[in-house]
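Chemist: Dropping in work.pdb, with PDB, C-alpha atoms.
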ATOM      1  CA  GLN A 166       0.000   0.000   0.000
ATOM      2  CA  VAL A 167       1.003   3.614  -0.442
ATOM      3  CA  GLN A 168       3.206   4.935   2.342
ATOM      4  CA  LEU A 169       4.583   8.445   2.703
ATOM      5  CA  VAL A 170       6.923   9.232   5.595
ATOM      6  CA  GLU A 171       7.957  12.834   6.214
ATOM      7  CA  SER A 172      10.973  13.916   8.225
ATOM      8  CA  GLY A 173      13.135  16.972   8.814
ATOM      9  CA  GLY A 174      10.803  19.280  10.691
ATOM     10  CA  GLY A 175      11.746  21.132  13.844
ATOM     11  CA  LEU A 176      12.158  24.474  15.559
ATOM     12  CA  VAL A 177      14.054  27.160  13.666
ATOM     13  CA  GLN A 178      14.577  30.881  14.120
ATOM     14  CA  PRO A 179      13.166  33.381  11.620
ATOM     15  CA  GLY A 180      15.470  33.611   8.620
ATOM     16  CA  GLY A 181      16.665  30.066   9.096
ATOM     17  CA  SER A 182      16.418  27.022   6.856
ATOM     18  CA  LEU A 183      15.076  23.492   6.990
ATOM     19  CA  ARG A 184      14.991  20.630   4.515
ATOM     20  CA  LEU A 185      12.024  18.293   4.621
ATOM     21  CA  SER A 186      12.131  14.802   3.143
ATOM     22  CA  CYS A 187       9.345  12.428   2.194
ATOM     23  CA  ALA A 188      10.154   8.771   1.592
ATOM     24  CA  ALA A 189       7.566   7.081  -0.621
ATOM     25  CA  SER A 190       6.738   3.411  -1.153
ATOM     26  CA  GLY A 191       3.935   1.215  -2.417
ATOM     27  CA  PHE A 192       3.550   2.814  -5.823
ATOM     28  CA  THR A 193       5.611   3.569  -8.920
ATOM     29  CA  PHE A 194       7.105   6.798  -7.653
ATOM     30  CA  ASN A 195       8.528   8.054 -10.930
ATOM     31  CA  PHE A 196       5.091   7.939 -12.592
ATOM     32  CA  TYR A 197       3.503  10.542 -10.294
ATOM     33  CA  ALA A 198       3.650  14.226  -9.518
ATOM     34  CA  MET A 199       4.269  14.874  -5.836
ATOM     35  CA  ASN A 200       3.001  17.631  -3.585
ATOM     36  CA  TRP A 201       3.831  19.320  -0.321
ATOM     37  CA  TYR A 202       0.958  20.788   1.699
ATOM     38  CA  ARG A 203       0.920  22.544   5.035
ATOM     39  CA  GLN A 204      -1.683  23.129   7.712
ATOM     40  CA  PRO A 205      -1.234  25.835  10.332
ATOM     41  CA  LEU A 206      -2.967  25.201  13.638
ATOM     42  CA  GLY A 207      -6.673  25.951  13.316
ATOM     43  CA  LYS A 208      -6.501  26.659   9.600
ATOM     44  CA  GLU A 209      -7.162  24.733   6.411
ATOM     45  CA  ARG A 210      -4.559  22.664   4.645
ATOM     46  CA  GLU A 211      -2.959  24.516   1.733
ATOM     47  CA  LEU A 212      -0.879  23.439  -1.251
ATOM     48  CA  VAL A 213       2.707  24.670  -0.964
ATOM     49  CA  ALA A 214       4.540  23.120  -3.925
ATOM     50  CA  THR A 215       4.195  20.540  -6.684
ATOM     51  CA  ILE A 216       6.781  18.736  -8.797
ATOM     52  CA  SER A 217       6.087  16.740 -11.944
ATOM     53  CA  SER A 218       7.082  13.107 -12.276
ATOM     54  CA  GLY A 219      10.283  13.902 -14.165
ATOM     55  CA  SER A 220      11.102  17.085 -12.232
ATOM     56  CA  ARG A 221      10.669  19.287 -15.287
ATOM     57  CA  ASP A 222       7.793  21.314 -13.856
ATOM     58  CA  THR A 223       7.422  22.849 -10.422
ATOM     59  CA  THR A 224       4.804  25.198  -9.020
ATOM     60  CA  TYR A 225       4.671  27.116  -5.757
ATOM     61  CA  ALA A 226       2.200  28.997  -3.630
ATOM     62  CA  ASP A 227       2.755  32.738  -3.916
ATOM     63  CA  SER A 228       3.578  32.880  -0.212
ATOM     64  CA  VAL A 229       6.684  30.679  -0.630
ATOM     65  CA  LYS A 230       7.946  31.589  -4.114
ATOM     66  CA  GLY A 231      11.631  32.451  -4.091
ATOM     67  CA  ARG A 232      12.128  30.905  -0.635
ATOM     68  CA  PHE A 233      11.138  27.235  -0.999
ATOM     69  CA  THR A 234      12.393  24.690  -3.522
ATOM     70  CA  ILE A 235      10.792  21.322  -4.227
ATOM     71  CA  SER A 236      12.901  18.540  -5.702
ATOM     72  CA  ARG A 237      12.882  14.767  -6.012
ATOM     73  CA  ASP A 238      15.194  11.821  -6.435
ATOM     74  CA  ASN A 239      13.440   9.072  -8.367
ATOM     75  CA  ARG A 240      16.245   6.625  -7.593
ATOM     76  CA  LEU A 241      15.530   7.006  -3.868
ATOM     77  CA  ASN A 242      11.729   7.441  -4.138
ATOM     78  CA  THR A 243      12.075  10.647  -2.137
ATOM     79  CA  VAL A 244      10.747  14.167  -2.518
ATOM     80  CA  TYR A 245      12.275  17.146  -0.724
ATOM     81  CA  LEU A 246      11.270  20.635   0.295
ATOM     82  CA  GLN A 247      14.130  23.056   0.915
ATOM     83  CA  MET A 248      12.828  25.966   2.956
ATOM     84  CA  ASN A 249      14.946  29.107   3.271
ATOM     85  CA  SER A 250      14.319  32.527   4.800
ATOM     86  CA  LEU A 251      11.695  31.013   7.043
ATOM     87  CA  LYS A 252       9.066  33.259   8.604
ATOM     88  CA  PRO A 253       6.830  32.754  11.648
ATOM     89  CA  GLU A 254       3.864  32.408   9.277
ATOM     90  CA  ASP A 255       5.494  29.292   7.798
ATOM     91  CA  THR A 256       4.773  27.514  11.082
ATOM     92  CA  ALA A 257       2.581  24.507  10.283
ATOM     93  CA  VAL A 258       2.445  20.761   9.966
ATOM     94  CA  TYR A 259       3.863  19.891   6.559
ATOM     95  CA  TYR A 260       2.471  16.925   4.620
ATOM     96  CA  CYS A 261       3.654  14.985   1.618
ATOM     97  CA  ASN A 262       0.907  14.028  -0.837
ATOM     98  CA  VAL A 263       0.337  11.948  -3.936
ATOM     99  CA  TYR A 264      -2.887  11.566  -5.875
ATOM    100  CA  ASP A 265      -3.669   8.145  -7.344
ATOM    101  CA  GLU A 266      -7.445   7.650  -7.662
ATOM    102  CA  GLY A 267      -7.556   9.392  -4.316
ATOM    103  CA  ASP A 268      -5.318  11.435  -2.015
ATOM    104  CA  TYR A 269      -2.622   9.776   0.043
ATOM    105  CA  TRP A 270      -0.958  11.578   2.929
ATOM    106  CA  GLY A 271       1.948  11.101   5.232
ATOM    107  CA  GLN A 272       1.726  11.608   8.986
ATOM    108  CA  GLY A 273       3.125  15.122   8.714
ATOM    109  CA  THR A 274       6.126  16.862  10.243
ATOM    110  CA  GLN A 275       5.901  19.944  12.449
ATOM    111  CA  VAL A 276       7.783  23.076  11.421
ATOM    112  CA  THR A 277       7.917  25.870  13.987
ATOM    113  CA  VAL A 278       9.523  29.205  13.159
ATOM    114  CA  SER A 279      10.045  31.245  16.292
ATOM    115  CA  SER A 280      12.681  33.233  18.107
TER     116      SER A 280
END
Output the file's structure as structure tokens, nothing else.

Modeler:
Amino acid sequence: QVQLVESGGGLVQPGGSLRLSCAASGFTFNFYAMNWYRQPLGKERELVATISSGSRDTTYADSVKGRFTISRDNRLNTVYLQMNSLKPEDTAVYYCNVYDEGDYWGQGTQVTVSS
């Protein structure tokens, strides 16, 4: 079955950086676009970034453009989210997602940006 396991979250000061990873299994990873979402406490989940199956195309939410970079390694079945210049408003649980006749989600990883 599809499994997505996120890692790399934590506490970071404003202006700092974090790199999230999502290890995928249970499906043919290099066939699918992959997504990162985030959900701040008490708010709705929002799409942060998407990468196509072959990494040619990436899209970002306006709020993270120029600061976040999504990438993937199809040999390792892993998708990454490099987050730079972090702001307190980036604080959220970050989720990896793939759509295959339905949405699949990881357990999420908490990112807290605070001084």

Chemist: Looking at A:Gln204, A:Ile235, A:Ala188, A:Thr223, which one is nearest to A:Gln275, with distances taken over all atoms listed in the file?

Modeler: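 Closest candidate: A:Gln204.
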
Chemist: Compile a residue-level contact table for stretch 181-217 of chain A against stretch 271-274 of chain A at a cut-off of 12 Å, reporting for every qualifying residue the shortest atom pair and its distance in Å to one decimal, with only C-alpha atoms counted, rows ordered by chain and ascending number, as JSON lines.

Modeler:
{"residue": "A:Leu183", "atom": "CA", "partner": "A:Thr274", "partner_atom": "CA", "distance": 11.6}
{"residue": "A:Arg184", "atom": "CA", "partner": "A:Thr274", "partner_atom": "CA", "distance": 11.2}
{"residue": "A:Leu185", "atom": "CA", "partner": "A:Thr274", "partner_atom": "CA", "distance": 8.3}
{"residue": "A:Ser186", "atom": "CA", "partner": "A:Thr274", "partner_atom": "CA", "distance": 9.5}
{"residue": "A:Cys187", "atom": "CA", "partner": "A:Gly271", "partner_atom": "CA", "distance": 8.1}
{"residue": "A:Ala188", "atom": "CA", "partner": "A:Gly271", "partner_atom": "CA", "distance": 9.3}
{"residue": "A:Ala189", "atom": "CA", "partner": "A:Gly271", "partner_atom": "CA", "distance": 9.1}
{"residue": "A:Ser190", "atom": "CA", "partner": "A:Gly271", "partner_atom": "CA", "distance": 11.1}
{"residue": "A:Met199", "atom": "CA", "partner": "A:Gly271", "partner_atom": "CA", "distance": 11.9}
{"residue": "A:Asn200", "atom": "CA", "partner": "A:Gly271", "partner_atom": "CA", "distance": 11.0}
{"residue": "A:Trp201", "atom": "CA", "partner": "A:Gly273", "partner_atom": "CA", "distance": 10.0}
{"residue": "A:Tyr202", "atom": "CA", "partner": "A:Gly273", "partner_atom": "CA", "distance": 9.3}
{"residue": "A:Arg203", "atom": "CA", "partner": "A:Gly273", "partner_atom": "CA", "distance": 8.6}
{"residue": "A:Gln204", "atom": "CA", "partner": "A:Gly273", "partner_atom": "CA", "distance": 9.4}
{"residue": "A:Pro205", "atom": "CA", "partner": "A:Thr274", "partner_atom": "CA", "distance": 11.6}
{"residue": "A:Arg210", "atom": "CA", "partner": "A:Gly273", "partner_atom": "CA", "distance": 11.5}

Chemist: Considering only C-alpha atoms, return as an MDAnalysis selection string whatever protein or nucleic-acid residues lie within 9 Å of A:Val276, sequence-local ones (same chain, fewer than 4 positions apart) excluded.

Modeler: chainID A and resid 173:177 183 255:259

Chemist: Have a look at atom CA of A:Gly231 and atom CA of A:Ser218 and let me know their distance in Å, one decimal.

Modeler: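 Interatomic distance here is 21.5 Å.
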
Chemist: Name the residues captured by the PyMOL selection byres ((chain A and resi 191) around 9) when it is applied to the shown file; answer as a list of chain:residue names.

Modeler: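 Listing what the PyMOL selection byres ((chain A and resi 191) around 9) selects in the shown file: A:Gln166, A:Val167, A:Gln168, A:Leu169, A:Ala189, A:Ser190, A:Phe192, A:Thr193, A:Phe194.
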